[in-house]
Amino acid sequence: MATAAELFALQETDQALDRAEARLAEIEAQLVESEELVSAREAVEERRKVVEELRSHLSDAENTVEDVRAKAAEVESKLYGGKVTNPKELSDLDADLRSIKHLIATREDTLLALLVEIDEADNQLRTAESAHAEIDSGWTQEQEALLTEKARTEPEVAALRARREEQSGAIDGSSLRLYQRLRERHGGRAVARLERGMCQGCRISLPMSILQKARSGIELVQCVSCERILLVS
């Protein structure tokens, strides 16, 4: 039969293994892009799309202005070229030219407004890119630290698992089953120290008969209250 000391040593290994495995799981969960980073990248893409759409509108507007200017040049050529002499036609051409020039002014105002809007959108894009770069830099550093910790923790977990297998292999099945059952019931603490006549698991003072039996070390003794296996300090 296993001794309380052997089970306590196994418990220490199990607790260390639990902590290491829990931390490893946390690291794995954190080795992904953060919501903040994803949000920052999406903000950049959104701003870039706005700029691209505005520049597309600007290109269309510039082409429209060029077309209207070409039309104005054509009308001016007819109006002042001397080929048209009919007063009515000249009057119509003059009216057309004034209308076209008004349209050009309107289109140019639109171009100016688009340029202002593009300038503002460019500034917003640069701000978003700067924020993304800063967040990405911090995230990258965190990931490097996590990967370093993971590389350190994985061998630790492997070593603890090997130690546990060796320790549990030396314990009889009956004692191991009792230990496992109590460990599950008490959050990983199946063995409790016995100090000053008190179980350190539930803080209950124990009868003298239990104390004597535990101190004899002949068999495993459990607390009469919490049922943890008692280890005499």
# chains A, B, ... in the order shown; residues from 1 in each chain; ligands from 1

$ select_by_dssp --residues "range 74-205 of chain A" --states "alpha helix (DSSP H)" --output "VMD selection string"
chain A and resid 74 to 80 87 to 169 173 to 185

$ residues_around --residues "range 61-67 of chain A" --least-positions-apart "3" --cutoff "12 Å" --atoms "only C-alpha atoms" --output "list of chain:residue names"
A:Leu54, A:Arg55, A:Ser56, A:His57, A:Leu58, A:Ala70, A:Lys71, A:Ala72, A:Ala73, A:Glu74, A:Ile100, A:Lys101, A:His102, A:Leu103, A:Ile104, A:Ala105, A:Thr106, A:Arg107, A:Glu108, A:Asp109, A:Thr110, A:Leu111, A:Leu112, A:Ala113, A:Leu114, A:Leu115

$ atom_distance --atom1 "CA of Ala40 in chain A" --atom2 "CA of Glu28 in chain A"
22.4 Å

$ residues_around --residues "Ala128 in chain A" --least-positions-apart "5" --cutoff "12 Å" --atoms "only C-alpha atoms" --output "ChimeraX atom specification"
/A:37,39-48,121-123,133-136

$ write_last_selection --atoms "C-alpha atoms" --output "mmCIF file, in the first residue's frame"
data_model
loop_
_atom_site.group_PDB
_atom_site.id
_atom_site.type_symbol
_atom_site.label_atom_id
_atom_site.label_comp_id
_atom_site.auth_asym_id
_atom_site.auth_seq_id
_atom_site.Cartn_x
_atom_site.Cartn_y
_atom_site.Cartn_z
ATOM 1 C CA LEU A 37 -5.707 44.249 -34.116
ATOM 2 C CA SER A 39 -10.543 46.047 -35.718
ATOM 3 C CA ALA A 40 -7.575 48.316 -36.499
ATOM 4 C CA ARG A 41 -6.864 46.492 -39.768
ATOM 5 C CA GLU A 42 -10.525 46.670 -40.755
ATOM 6 C CA ALA A 43 -10.473 50.415 -40.048
ATOM 7 C CA VAL A 44 -7.497 50.800 -42.413
ATOM 8 C CA GLU A 45 -9.238 48.795 -45.135
ATOM 9 C CA GLU A 46 -12.395 50.840 -44.702
ATOM 10 C CA ARG A 47 -10.499 54.140 -44.950
ATOM 11 C CA ARG A 48 -8.519 52.889 -47.944
ATOM 12 C CA ALA A 121 -9.835 60.970 -46.287
ATOM 13 C CA ASP A 122 -6.067 60.597 -46.840
ATOM 14 C CA ASN A 123 -5.425 62.082 -43.399
ATOM 15 C CA ALA A 133 1.066 49.850 -37.033
ATOM 16 C CA GLU A 134 1.336 50.648 -33.329
ATOM 17 C CA ILE A 135 -1.150 47.942 -32.334
ATOM 18 C CA ASP A 136 0.480 45.428 -34.675
#

$ closest_atom_pairs --of "range 9-42 of chain A" --to "range 181-202 of chain A" --cutoff "8 Å" --atoms "only C-alpha atoms" --output "Markdown table"
| residue | atom | partner | partner_atom | distance |
| --- | --- | --- | --- | --- |
| A:Gln11 | CA | A:Arg189 | CA | 7.0 |
| A:Asp14 | CA | A:Gly188 | CA | 7.8 |
| A:Gln15 | CA | A:Gly188 | CA | 6.8 |

$ closest_residue --among "A:Ala214, A:Val38, A:Leu176, A:Ala16" --to "Ala131 in chain A" --atoms "only C-alpha atoms"
A:Val38
